[in-house]
$ cat coords.pdb   # PDB, C-alpha atoms, pLDDT in the B column
MODEL        1
ATOM      1  CA  MET A   1     -11.301  15.634  -0.731  1.00 76.00           C
ATOM      2  CA  THR A   2      -9.668  12.205  -0.854  1.00 89.00           C
ATOM      3  CA  LEU A   3      -6.005  11.937  -0.014  1.00 97.00           C
ATOM      4  CA  HIS A   4      -3.748   8.872  -0.086  1.00 98.00           C
ATOM      5  CA  LEU A   5      -0.484   7.697   1.473  1.00 97.00           C
ATOM      6  CA  ILE A   6       2.433   6.080  -0.313  1.00 97.00           C
ATOM      7  CA  LYS A   7       4.972   3.798   1.374  1.00 96.00           C
ATOM      8  CA  LEU A   8       7.741   1.366   0.444  1.00 95.00           C
ATOM      9  CA  SER A   9       7.078  -2.351   0.850  1.00 93.00           C
ATOM     10  CA  VAL A  10      10.585  -3.226   1.981  1.00 90.00           C
ATOM     11  CA  GLY A  11      11.600  -6.814   1.263  1.00 89.00           C
ATOM     12  CA  SER A  12       8.736  -7.596  -1.135  1.00 90.00           C
ATOM     13  CA  ASP A  13       9.556  -8.744  -4.657  1.00 90.00           C
ATOM     14  CA  SER A  14       6.007  -8.602  -6.042  1.00 90.00           C
ATOM     15  CA  ILE A  15       2.377  -7.923  -5.143  1.00 92.00           C
ATOM     16  CA  GLU A  16       1.950 -11.639  -4.585  1.00 91.00           C
ATOM     17  CA  ASP A  17       4.958 -11.738  -2.246  1.00 90.00           C
ATOM     18  CA  HIS A  18       3.580  -8.744  -0.296  1.00 92.00           C
ATOM     19  CA  ALA A  19       0.144 -10.414  -0.008  1.00 91.00           C
ATOM     20  CA  GLN A  20       1.645 -13.721   1.150  1.00 90.00           C
ATOM     21  CA  TRP A  21       3.663 -11.942   3.849  1.00 88.00           C
ATOM     22  CA  GLN A  22       0.566 -10.143   5.162  1.00 86.00           C
ATOM     23  CA  ALA A  23      -1.507 -13.347   5.147  1.00 84.00           C
ATOM     24  CA  ALA A  24       1.195 -15.342   6.926  1.00 81.00           C
ATOM     25  CA  ASN A  25       1.835 -12.776   9.671  1.00 79.00           C
ATOM     26  CA  ARG A  26      -1.452 -12.885  11.577  1.00 69.00           C
ATOM     27  CA  GLN A  27       0.020 -10.902  14.490  1.00 69.00           C
ATOM     28  CA  PHE A  28      -0.475  -7.870  12.234  1.00 75.00           C
ATOM     29  CA  TRP A  29      -4.256  -8.388  12.003  1.00 74.00           C
ATOM     30  CA  ARG A  30      -7.002  -6.678  14.038  1.00 73.00           C
ATOM     31  CA  LYS A  31     -10.753  -6.252  14.007  1.00 71.00           C
ATOM     32  CA  VAL A  32     -12.057  -2.821  12.962  1.00 73.00           C
ATOM     33  CA  ALA A  33     -15.817  -2.268  13.195  1.00 69.00           C
ATOM     34  CA  GLY A  34     -16.330  -6.048  13.177  1.00 73.00           C
ATOM     35  CA  ARG A  35     -14.230  -6.590  10.028  1.00 78.00           C
ATOM     36  CA  SER A  36     -10.697  -7.915   9.658  1.00 80.00           C
ATOM     37  CA  ALA A  37      -7.979  -5.380   8.985  1.00 84.00           C
ATOM     38  CA  VAL A  38      -4.241  -5.683   8.615  1.00 89.00           C
ATOM     39  CA  PHE A  39      -2.001  -3.030  10.111  1.00 88.00           C
ATOM     40  CA  HIS A  40       1.355  -1.578   9.269  1.00 89.00           C
ATOM     41  CA  THR A  41       3.455   0.335  11.800  1.00 88.00           C
ATOM     42  CA  THR A  42       4.996   3.733  11.159  1.00 91.00           C
ATOM     43  CA  PHE A  43       6.599   6.323  13.435  1.00 90.00           C
ATOM     44  CA  GLN A  44       4.362   9.329  12.761  1.00 91.00           C
ATOM     45  CA  MET A  45       0.568   9.659  12.864  1.00 94.00           C
ATOM     46  CA  PRO A  46      -0.640  11.500   9.727  1.00 95.00           C
ATOM     47  CA  LYS A  47      -2.119  14.896  10.538  1.00 96.00           C
ATOM     48  CA  ARG A  48      -4.682  14.771   7.693  1.00 96.00           C
ATOM     49  CA  THR A  49      -6.557  11.664   8.897  1.00 95.00           C
ATOM     50  CA  GLU A  50     -10.039  12.926   7.921  1.00 95.00           C
ATOM     51  CA  GLU A  51      -8.980  13.339   4.286  1.00 96.00           C
ATOM     52  CA  LEU A  52      -7.235   9.958   4.320  1.00 97.00           C
ATOM     53  CA  LEU A  53     -10.297   8.160   5.705  1.00 96.00           C
ATOM     54  CA  ASP A  54     -12.537   9.764   3.060  1.00 95.00           C
ATOM     55  CA  GLY A  55     -11.808   6.961   0.568  1.00 95.00           C
ATOM     56  CA  GLY A  56      -8.004   7.089   0.823  1.00 97.00           C
ATOM     57  CA  SER A  57      -5.623   4.179   0.288  1.00 97.00           C
ATOM     58  CA  LEU A  58      -2.058   3.243   1.100  1.00 97.00           C
ATOM     59  CA  TYR A  59      -0.158   2.813  -2.179  1.00 98.00           C
ATOM     60  CA  TRP A  60       2.707   0.316  -2.014  1.00 96.00           C
ATOM     61  CA  VAL A  61       6.028   0.859  -3.812  1.00 96.00           C
ATOM     62  CA  ILE A  62       7.482  -2.563  -4.568  1.00 94.00           C
ATOM     63  CA  LYS A  63      10.922  -2.794  -6.195  1.00 92.00           C
ATOM     64  CA  GLY A  64      10.880   0.910  -7.162  1.00 92.00           C
ATOM     65  CA  VAL A  65       7.409   0.781  -8.744  1.00 92.00           C
ATOM     66  CA  ILE A  66       3.998   1.712  -7.320  1.00 94.00           C
ATOM     67  CA  GLN A  67       2.227  -1.614  -7.857  1.00 94.00           C
ATOM     68  CA  ALA A  68      -0.696  -1.940  -5.438  1.00 95.00           C
ATOM     69  CA  ARG A  69      -2.929  -0.211  -2.922  1.00 97.00           C
ATOM     70  CA  GLN A  70      -4.923  -1.075   0.180  1.00 97.00           C
ATOM     71  CA  LYS A  71      -7.853   1.003   1.429  1.00 97.00           C
ATOM     72  CA  LEU A  72      -7.182   2.850   4.692  1.00 96.00           C
ATOM     73  CA  VAL A  73      -9.821   1.942   7.289  1.00 94.00           C
ATOM     74  CA  GLY A  74      -8.405   3.655  10.364  1.00 93.00           C
ATOM     75  CA  PHE A  75      -5.481   4.662  12.541  1.00 93.00           C
ATOM     76  CA  ASP A  76      -4.499   3.576  16.027  1.00 90.00           C
ATOM     77  CA  GLU A  77      -1.699   4.045  18.519  1.00 90.00           C
ATOM     78  CA  GLY A  78       0.579   1.086  19.096  1.00 87.00           C
ATOM     79  CA  HIS A  79       4.030  -0.005  20.170  1.00 86.00           C
ATOM     80  CA  LYS A  80       6.872  -1.513  18.203  1.00 83.00           C
ATOM     81  CA  GLU A  81       8.648  -4.665  19.387  1.00 82.00           C
ATOM     82  CA  ASP A  82      11.188  -2.542  21.302  1.00 89.00           C
ATOM     83  CA  GLY A  83       8.357  -0.793  23.195  1.00 88.00           C
ATOM     84  CA  SER A  84       8.653   2.531  21.386  1.00 91.00           C
ATOM     85  CA  PRO A  85       5.342   4.208  20.444  1.00 93.00           C
ATOM     86  CA  CYS A  86       4.155   4.129  16.838  1.00 92.00           C
ATOM     87  CA  CYS A  87       1.143   4.704  14.619  1.00 93.00           C
ATOM     88  CA  LEU A  88      -0.791   1.746  13.220  1.00 92.00           C
ATOM     89  CA  LEU A  89      -2.085   2.235   9.682  1.00 93.00           C
ATOM     90  CA  LEU A  90      -5.196   0.023   9.578  1.00 93.00           C
ATOM     91  CA  LEU A  91      -5.792  -1.397   6.099  1.00 94.00           C
ATOM     92  CA  ASP A  92      -8.431  -3.416   4.292  1.00 93.00           C
ATOM     93  CA  PRO A  93      -6.840  -6.849   3.648  1.00 91.00           C
ATOM     94  CA  ASN A  94      -7.789  -6.700  -0.057  1.00 93.00           C
ATOM     95  CA  ILE A  95      -4.723  -5.717  -2.137  1.00 94.00           C
ATOM     96  CA  VAL A  96      -5.652  -3.984  -5.400  1.00 95.00           C
ATOM     97  CA  PRO A  97      -3.103  -3.957  -8.268  1.00 93.00           C
ATOM     98  CA  VAL A  98      -2.642  -0.511  -9.860  1.00 93.00           C
ATOM     99  CA  ARG A  99      -1.054   0.738 -13.069  1.00 91.00           C
ATOM    100  CA  PRO A 100       2.691   0.449 -12.374  1.00 91.00           C
ATOM    101  CA  VAL A 101       4.463   3.809 -11.978  1.00 91.00           C
ATOM    102  CA  ARG A 102       8.177   4.214 -11.195  1.00 91.00           C
ATOM    103  CA  ARG A 103       8.909   5.887  -7.851  1.00 92.00           C
ATOM    104  CA  ARG A 104      12.279   6.674  -6.289  1.00 91.00           C
ATOM    105  CA  ALA A 105      13.053   5.429  -2.798  1.00 88.00           C
ATOM    106  CA  PHE A 106      12.151   7.582   0.216  1.00 90.00           C
ATOM    107  CA  GLN A 107      11.908   7.115   3.963  1.00 90.00           C
ATOM    108  CA  GLY A 108       8.667   6.745   5.875  1.00 90.00           C
ATOM    109  CA  TRP A 109       5.449   7.604   4.077  1.00 94.00           C
ATOM    110  CA  ARG A 110       4.330  10.523   1.916  1.00 96.00           C
ATOM    111  CA  TYR A 111       0.954  12.030   1.080  1.00 97.00           C
ATOM    112  CA  LEU A 112      -0.286  11.283  -2.445  1.00 97.00           C
ATOM    113  CA  ASP A 113      -2.946  13.496  -4.032  1.00 96.00           C
ATOM    114  CA  ALA A 114      -5.874  11.714  -5.663  1.00 95.00           C
ATOM    115  CA  ASP A 115      -4.915  13.266  -9.029  1.00 94.00           C
ATOM    116  CA  SER A 116      -1.427  11.708  -8.811  1.00 94.00           C
ATOM    117  CA  ALA A 117      -2.584   8.240  -7.749  1.00 96.00           C
ATOM    118  CA  PRO A 118      -2.296   5.554 -10.441  1.00 95.00           C
ATOM    119  CA  PRO A 119      -5.575   3.928 -11.535  1.00 94.00           C
ATOM    120  CA  ASP A 120      -6.495   0.369 -10.595  1.00 93.00           C
ATOM    121  CA  LEU A 121      -5.649  -2.391 -13.034  1.00 85.00           C
ATOM    122  CA  GLY A 122      -8.475  -4.573 -14.178  1.00 72.00           C
ATOM    123  CA  SER A 123     -10.084  -6.328 -17.036  1.00 50.00           C
ATOM    124  CA  SER A 124     -10.065  -4.754 -20.450  1.00 52.00           C
ATOM    125  CA  SER A 125     -10.976  -5.916 -23.910  1.00 44.00           C
ATOM    126  CA  ARG A 126      -7.367  -7.124 -24.321  1.00 52.00           C
ATOM    127  CA  GLY A 127      -7.368  -9.305 -21.213  1.00 54.00           C
ATOM    128  CA  ASP A 128      -6.652  -8.898 -17.523  1.00 62.00           C
ATOM    129  CA  ILE A 129      -3.247  -7.291 -16.947  1.00 65.00           C
ATOM    130  CA  THR A 130      -3.235  -8.506 -13.344  1.00 62.00           C
ATOM    131  CA  GLU A 131      -2.841 -12.075 -14.606  1.00 72.00           C
ATOM    132  CA  LEU A 132       0.552 -11.296 -16.158  1.00 73.00           C
ATOM    133  CA  PRO A 133       3.607 -12.532 -14.220  1.00 77.00           C
ATOM    134  CA  PRO A 134       5.074  -9.838 -11.913  1.00 70.00           C
ATOM    135  CA  HIS A 135       8.340  -9.538 -13.880  1.00 75.00           C
ATOM    136  CA  MET A 136       6.402  -8.958 -17.114  1.00 78.00           C
ATOM    137  CA  ARG A 137       4.245  -6.235 -15.503  1.00 72.00           C
ATOM    138  CA  ARG A 138       7.434  -4.500 -14.299  1.00 68.00           C
ATOM    139  CA  GLU A 139       9.040  -4.690 -17.754  1.00 75.00           C
ATOM    140  CA  LEU A 140       5.916  -3.381 -19.514  1.00 73.00           C
ATOM    141  CA  ALA A 141       5.683  -0.540 -16.989  1.00 66.00           C
ATOM    142  CA  ALA A 142       9.367   0.345 -17.533  1.00 65.00           C
ATOM    143  CA  LEU A 143       8.657   0.570 -21.271  1.00 67.00           C
ATOM    144  CA  GLY A 144       5.640   2.789 -20.608  1.00 62.00           C
ATOM    145  CA  LEU A 145       3.231   0.270 -22.146  1.00 64.00           C
ATOM    146  CA  ILE A 146       0.981  -0.081 -19.086  1.00 62.00           C
TER     147      ILE A 146
ENDMDL
END
$ encode --input "coords.pdb" --output "structure tokens"
Amino acid sequence: MTLHLIKLSVGSDSIEDHAQWQAANRQFWRKVAGRSAVFHTTFQMPKRTEELLDGGSLYWVIKGVIQARQKLVGFDEGHKEDGSPCCLLLLDPNIVPVRPVRRRAFQGWRYLDADSAPPDLGSSSRGDITELPPHMRRELAALGLI
């Protein structure tokens, strides 16, 4: 059964801002099975790693709204800048926009059941929602229109 993680993207204003930060900070990149992966540090290693690696993603909360996800490709042990141990969440570099859903702030990460995960945004007969400016996506989500 697929399981996901959800985490705050602190300091990001939009999906585009989050993607630019990841692309610019190459020290957070590694090779996993011969492919590039970006990693994010967290204090605790998830206990349910098998379920998470069975198609799970890390869903990003940006400005109080779940806005994007990245596929989880692995976990590793690492160290923060101060030398303290941490868990590395290894992620596919592709950032996928999802249907915006409001989410209150929390610390660390949380598990997210597959049934509760918002669907990916994509093309529809009315146009591609992902091409809308970030502020417009947020406003439409707040109104419950997307």
$ resolve_selection --input "coords.pdb" --expression "the PyMOL selection byres ((chain A and resi 45) around 10)" --output "PyMOL selection string"
chain A and resi 41-44+46-49+75-77+86-89
$ resolve_selection --input "coords.pdb" --expression "the PyMOL selection byres ((chain A and resi 71) around 6)" --output "PyMOL selection string"
chain A and resi 57+70+72+91-92
$ resolve_selection --input "coords.pdb" --expression "the PyMOL selection byres ((chain A and resi 94) around 12)" --output "list of chain:residue names"
A:Ile15, A:Glu16, A:His18, A:Ala19, A:Gln20, A:Gln22, A:Ala23, A:Arg35, A:Ser36, A:Ala37, A:Val38, A:Ser57, A:Leu58, A:Ala68, A:Arg69, A:Gln70, A:Lys71, A:Leu72, A:Val73, A:Leu91, A:Asp92, A:Pro93, A:Ile95, A:Val96, A:Pro97
$ residues_around --input "coords.pdb" --residues "A:Lys7" --least-positions-apart "3" --cutoff "8 Å" --atoms "all atoms listed in the file" --output "number ranges by chain"
A: 58-61, 108-110
$ atom_distance --input "coords.pdb" --atom1 "atom CA of A:Glu51" --atom2 "atom CA of A:Tyr111"
10.5 Å
